[in-house]
Amino acid sequence: MARNRATAIVTCGENVLLVRDRGRPTYALPGGGIEDGERPESAVVRELLEETTLEATTVTRLFTFGAKYNDHEVFHVEATGEVSISEEVEGFTWWDGIDETPVYPHVRAILDTWRSST
């Protein structure tokens, strides 16, 4: 059974924010599990703050994306602040979608879906 996850697309110009969990070589979009009784919008704001210290200013629901292990509630998030990684993540990058940054396949699929709808 797939887990429900709130996933953030945060952009800076043409680049998208990616984070890398501790001990993992591959990058993902910021986000995490939706707690019981929590609204997906609240979860994406909470997870973004916990992982990056960015504070969401605008949250726009985009779509639901079903992947192998997670059902992603995907949001475009505008945020303020400077990225500062937390204990949850080991690194971050502003990805242009072109360089060879290792990303999970669902990240590319989510971003392709988003870009095709804009």
# chains A, B, ... in the order shown; residues from 1 in each chain; ligands from 1
>>> residues_around(residues="region 30-45 of chain A", least_positions_apart="4", cutoff="6 Å", atoms="only C-alpha atoms", output="JSON, numbers by chain")
{"A": [4, 5, 6, 7, 8, 19, 56]}
>>> residues_around(residues="Arg22 (chain A)", least_positions_apart="6", cutoff="7 Å", atoms="only C-alpha atoms", output="VMD selection string")
chain A and resid 88 to 90
>>> write_last_selection(atoms="C-alpha atoms", output="JSON list (two decimals), in the first residue's frame")
[["chain", "number", "residue", "atom", "x", "y", "z"],
["A", 88, "GLU", "CA", 16.81, 15.29, 8.40],
["A", 89, "VAL", "CA", 18.75, 16.09, 5.25],
["A", 90, "GLU", "CA", 22.41, 16.00, 4.36]]
>>> atom_distance(atom1="CA of Lys68 (chain A)", atom2="CA of Leu49 (chain A)")
25.8 Å
>>> closest_residue(among="A:Leu29, A:Arg108, A:Gly97, A:Arg24", to="Phe75 (chain A)", atoms="only C-alpha atoms")
A:Leu29
>>> atom_distance(atom1="CA of Val10 (chain A)", atom2="CA of Phe63 (chain A)")
14.9 Å
>>> closest_residue(among="A:Leu17, A:Ala109, A:Glu100, A:Leu48", to="His72 (chain A)", atoms="only C-alpha atoms")
A:Ala109
>>> atom_distance(atom1="CA of Ile9 (chain A)", atom2="CA of Val77 (chain A)")
6.0 Å
>>> select_by_dssp(residues="chain A", states="strand (DSSP E or B)", output="PyMOL selection string")
chain A and resi 3-9+11-12+15-21+27-28+31-33+55-66+70-80+89-95+103
>>> write_last_selection(atoms="C-alpha atoms", output="PDB file, in the first residue's frame")
ATOM      1  CA  ARG A   3       2.021   6.004   1.686  1.00  0.00           C
ATOM      2  CA  ASN A   4       0.573   9.513   1.404  1.00  0.00           C
ATOM      3  CA  ARG A   5       3.255  12.137   1.015  1.00  0.00           C
ATOM      4  CA  ALA A   6       3.185  15.918   0.637  1.00  0.00           C
ATOM      5  CA  THR A   7       5.737  17.016  -1.965  1.00  0.00           C
ATOM      6  CA  ALA A   8       6.954  20.559  -2.668  1.00  0.00           C
ATOM      7  CA  ILE A   9       8.151  22.056  -5.914  1.00  0.00           C
ATOM      8  CA  THR A  11      11.705  27.135  -7.703  1.00  0.00           C
ATOM      9  CA  CYS A  12      14.368  29.794  -8.017  1.00  0.00           C
ATOM     10  CA  ASN A  15      15.958  25.758 -10.991  1.00  0.00           C
ATOM     11  CA  VAL A  16      14.118  23.431  -8.606  1.00  0.00           C
ATOM     12  CA  LEU A  17      15.095  22.780  -4.989  1.00  0.00           C
ATOM     13  CA  LEU A  18      16.135  19.204  -4.253  1.00  0.00           C
ATOM     14  CA  VAL A  19      17.222  17.697  -0.936  1.00  0.00           C
ATOM     15  CA  ARG A  20      19.263  14.611  -0.116  1.00  0.00           C
ATOM     16  CA  ASP A  21      18.435  12.487   2.928  1.00  0.00           C
ATOM     17  CA  TYR A  27      18.137  13.705  -4.380  1.00  0.00           C
ATOM     18  CA  ALA A  28      14.376  14.174  -3.994  1.00  0.00           C
ATOM     19  CA  GLY A  31       8.416  16.870   1.579  1.00  0.00           C
ATOM     20  CA  GLY A  32       7.376  13.959   3.694  1.00  0.00           C
ATOM     21  CA  GLY A  33       4.650  11.908   5.206  1.00  0.00           C
ATOM     22  CA  GLU A  55       8.937  29.410   5.272  1.00  0.00           C
ATOM     23  CA  ALA A  56       6.141  28.889   2.776  1.00  0.00           C
ATOM     24  CA  THR A  57       4.343  32.056   1.711  1.00  0.00           C
ATOM     25  CA  THR A  58       2.135  30.627  -1.065  1.00  0.00           C
ATOM     26  CA  VAL A  59       1.037  26.998  -1.433  1.00  0.00           C
ATOM     27  CA  THR A  60      -0.743  25.913  -4.604  1.00  0.00           C
ATOM     28  CA  ARG A  61      -1.999  22.364  -5.016  1.00  0.00           C
ATOM     29  CA  LEU A  62      -1.019  20.965  -8.399  1.00  0.00           C
ATOM     30  CA  PHE A  63      -1.942  17.269  -8.668  1.00  0.00           C
ATOM     31  CA  THR A  64      -1.656  13.819  -7.122  1.00  0.00           C
ATOM     32  CA  PHE A  65       1.117  11.632  -8.480  1.00  0.00           C
ATOM     33  CA  GLY A  66       1.057   7.897  -7.865  1.00  0.00           C
ATOM     34  CA  ASN A  70       4.175   6.850  -2.352  1.00  0.00           C
ATOM     35  CA  ASP A  71       1.139   8.781  -3.476  1.00  0.00           C
ATOM     36  CA  HIS A  72       2.440  12.333  -3.737  1.00  0.00           C
ATOM     37  CA  GLU A  73       0.187  15.316  -3.130  1.00  0.00           C
ATOM     38  CA  VAL A  74       2.237  17.806  -5.149  1.00  0.00           C
ATOM     39  CA  PHE A  75       2.296  21.543  -4.422  1.00  0.00           C
ATOM     40  CA  HIS A  76       4.083  24.516  -5.918  1.00  0.00           C
ATOM     41  CA  VAL A  77       5.437  26.451  -2.950  1.00  0.00           C
ATOM     42  CA  GLU A  78       6.786  29.987  -2.862  1.00  0.00           C
ATOM     43  CA  ALA A  79       8.942  30.511   0.204  1.00  0.00           C
ATOM     44  CA  THR A  80      11.113  33.034   1.995  1.00  0.00           C
ATOM     45  CA  VAL A  89      18.748  16.086   5.246  1.00  0.00           C
ATOM     46  CA  GLU A  90      22.415  16.001   4.358  1.00  0.00           C
ATOM     47  CA  GLY A  91      22.462  18.261   1.344  1.00  0.00           C
ATOM     48  CA  PHE A  92      20.516  20.350  -1.115  1.00  0.00           C
ATOM     49  CA  THR A  93      20.894  21.710  -4.611  1.00  0.00           C
ATOM     50  CA  TRP A  94      19.082  24.037  -6.959  1.00  0.00           C
ATOM     51  CA  TRP A  95      18.731  21.665  -9.917  1.00  0.00           C
ATOM     52  CA  VAL A 103      17.559  12.015  -8.651  1.00  0.00           C
TER      53      VAL A 103
END
>>> select_by_dssp(residues="chain A", states="helix (DSSP H, G or I)", output="ChimeraX atom specification")
/A:40-52,105-117
>>> write_last_selection(atoms="N, CA and C atoms", output="mmCIF file, in the first residue's frame")
data_model
loop_
_atom_site.group_PDB
_atom_site.id
_atom_site.type_symbol
_atom_site.label_atom_id
_atom_site.label_comp_id
_atom_site.auth_asym_id
_atom_site.auth_seq_id
_atom_site.Cartn_x
_atom_site.Cartn_y
_atom_site.Cartn_z
ATOM 1 N N PRO A 40 -2.870 17.889 3.692
ATOM 2 C CA PRO A 40 -1.654 17.855 2.869
ATOM 3 C C PRO A 40 -0.967 19.214 2.760
ATOM 4 N N GLU A 41 -1.763 20.299 2.685
ATOM 5 C CA GLU A 41 -1.180 21.649 2.604
ATOM 6 C C GLU A 41 -0.350 21.962 3.844
ATOM 7 N N SER A 42 -0.844 21.551 5.001
ATOM 8 C CA SER A 42 -0.106 21.772 6.247
ATOM 9 C C SER A 42 1.149 20.918 6.294
ATOM 10 N N ALA A 43 1.040 19.693 5.807
ATOM 11 C CA ALA A 43 2.189 18.783 5.818
ATOM 12 C C ALA A 43 3.320 19.308 4.943
ATOM 13 N N VAL A 44 2.995 19.842 3.765
ATOM 14 C CA VAL A 44 4.053 20.316 2.880
ATOM 15 C C VAL A 44 4.745 21.536 3.476
ATOM 16 N N VAL A 45 3.985 22.413 4.144
ATOM 17 C CA VAL A 45 4.573 23.587 4.806
ATOM 18 C C VAL A 45 5.481 23.132 5.948
ATOM 19 N N ARG A 46 4.998 22.201 6.763
ATOM 20 C CA ARG A 46 5.767 21.693 7.903
ATOM 21 C C ARG A 46 7.053 21.008 7.443
ATOM 22 N N GLU A 47 6.932 20.135 6.459
ATOM 23 C CA GLU A 47 8.099 19.386 5.988
ATOM 24 C C GLU A 47 9.150 20.306 5.364
ATOM 25 N N LEU A 48 8.702 21.292 4.582
ATOM 26 C CA LEU A 48 9.646 22.225 3.973
ATOM 27 C C LEU A 48 10.417 22.979 5.051
ATOM 28 N N LEU A 49 9.717 23.443 6.071
ATOM 29 C CA LEU A 49 10.367 24.156 7.168
ATOM 30 C C LEU A 49 11.339 23.236 7.911
ATOM 31 N N GLU A 50 10.902 22.011 8.214
ATOM 32 C CA GLU A 50 11.751 21.074 8.947
ATOM 33 C C GLU A 50 13.017 20.714 8.172
ATOM 34 N N GLU A 51 12.895 20.545 6.858
ATOM 35 C CA GLU A 51 14.034 20.094 6.068
ATOM 36 C C GLU A 51 14.965 21.215 5.636
ATOM 37 N N THR A 52 14.421 22.415 5.406
ATOM 38 C CA THR A 52 15.225 23.469 4.769
ATOM 39 C C THR A 52 15.231 24.802 5.502
ATOM 40 N N PRO A 105 13.684 8.394 -9.930
ATOM 41 C CA PRO A 105 12.864 8.452 -11.152
ATOM 42 C C PRO A 105 11.552 9.212 -10.959
ATOM 43 N N HIS A 106 10.931 9.080 -9.784
ATOM 44 C CA HIS A 106 9.658 9.781 -9.585
ATOM 45 C C HIS A 106 9.837 11.295 -9.577
ATOM 46 N N VAL A 107 11.023 11.775 -9.226
ATOM 47 C CA VAL A 107 11.275 13.220 -9.238
ATOM 48 C C VAL A 107 11.176 13.745 -10.669
ATOM 49 N N ARG A 108 11.845 13.080 -11.578
ATOM 50 C CA ARG A 108 11.761 13.483 -12.990
ATOM 51 C C ARG A 108 10.321 13.410 -13.496
ATOM 52 N N ALA A 109 9.623 12.346 -13.128
ATOM 53 C CA ALA A 109 8.238 12.172 -13.589
ATOM 54 C C ALA A 109 7.325 13.264 -13.037
ATOM 55 N N ILE A 110 7.473 13.597 -11.769
ATOM 56 C CA ILE A 110 6.675 14.672 -11.170
ATOM 57 C C ILE A 110 6.972 15.999 -11.864
ATOM 58 N N LEU A 111 8.249 16.293 -12.072
ATOM 59 C CA LEU A 111 8.618 17.559 -12.707
ATOM 60 C C LEU A 111 8.159 17.603 -14.162
ATOM 61 N N ASP A 112 8.230 16.475 -14.871
ATOM 62 C CA ASP A 112 7.727 16.428 -16.252
ATOM 63 C C ASP A 112 6.229 16.683 -16.292
ATOM 64 N N THR A 113 5.495 16.077 -15.354
ATOM 65 C CA THR A 113 4.047 16.280 -15.278
ATOM 66 C C THR A 113 3.734 17.742 -15.007
ATOM 67 N N TRP A 114 4.456 18.338 -14.076
ATOM 68 C CA TRP A 114 4.254 19.746 -13.729
ATOM 69 C C TRP A 114 4.548 20.648 -14.934
ATOM 70 N N ARG A 115 5.684 20.427 -15.564
ATOM 71 C CA ARG A 115 6.072 21.289 -16.684
ATOM 72 C C ARG A 115 5.114 21.157 -17.863
ATOM 73 N N SER A 116 4.575 19.965 -18.077
ATOM 74 C CA SER A 116 3.649 19.780 -19.195
ATOM 75 C C SER A 116 2.294 20.435 -18.942
ATOM 76 N N SER A 117 2.015 20.753 -17.677
ATOM 77 C CA SER A 117 0.728 21.367 -17.359
ATOM 78 C C SER A 117 0.818 22.890 -17.248
#
>>> closest_residue(among="A:Thr53, A:Thr118, A:Thr26, A:Thr101", to="Glu87 (chain A)", atoms="only C-alpha atoms")
A:Thr53
>>> closest_residue(among="A:Pro25, A:Tyr104, A:Ser84, A:Gly13", to="Ala67 (chain A)", atoms="only C-alpha atoms")
A:Tyr104
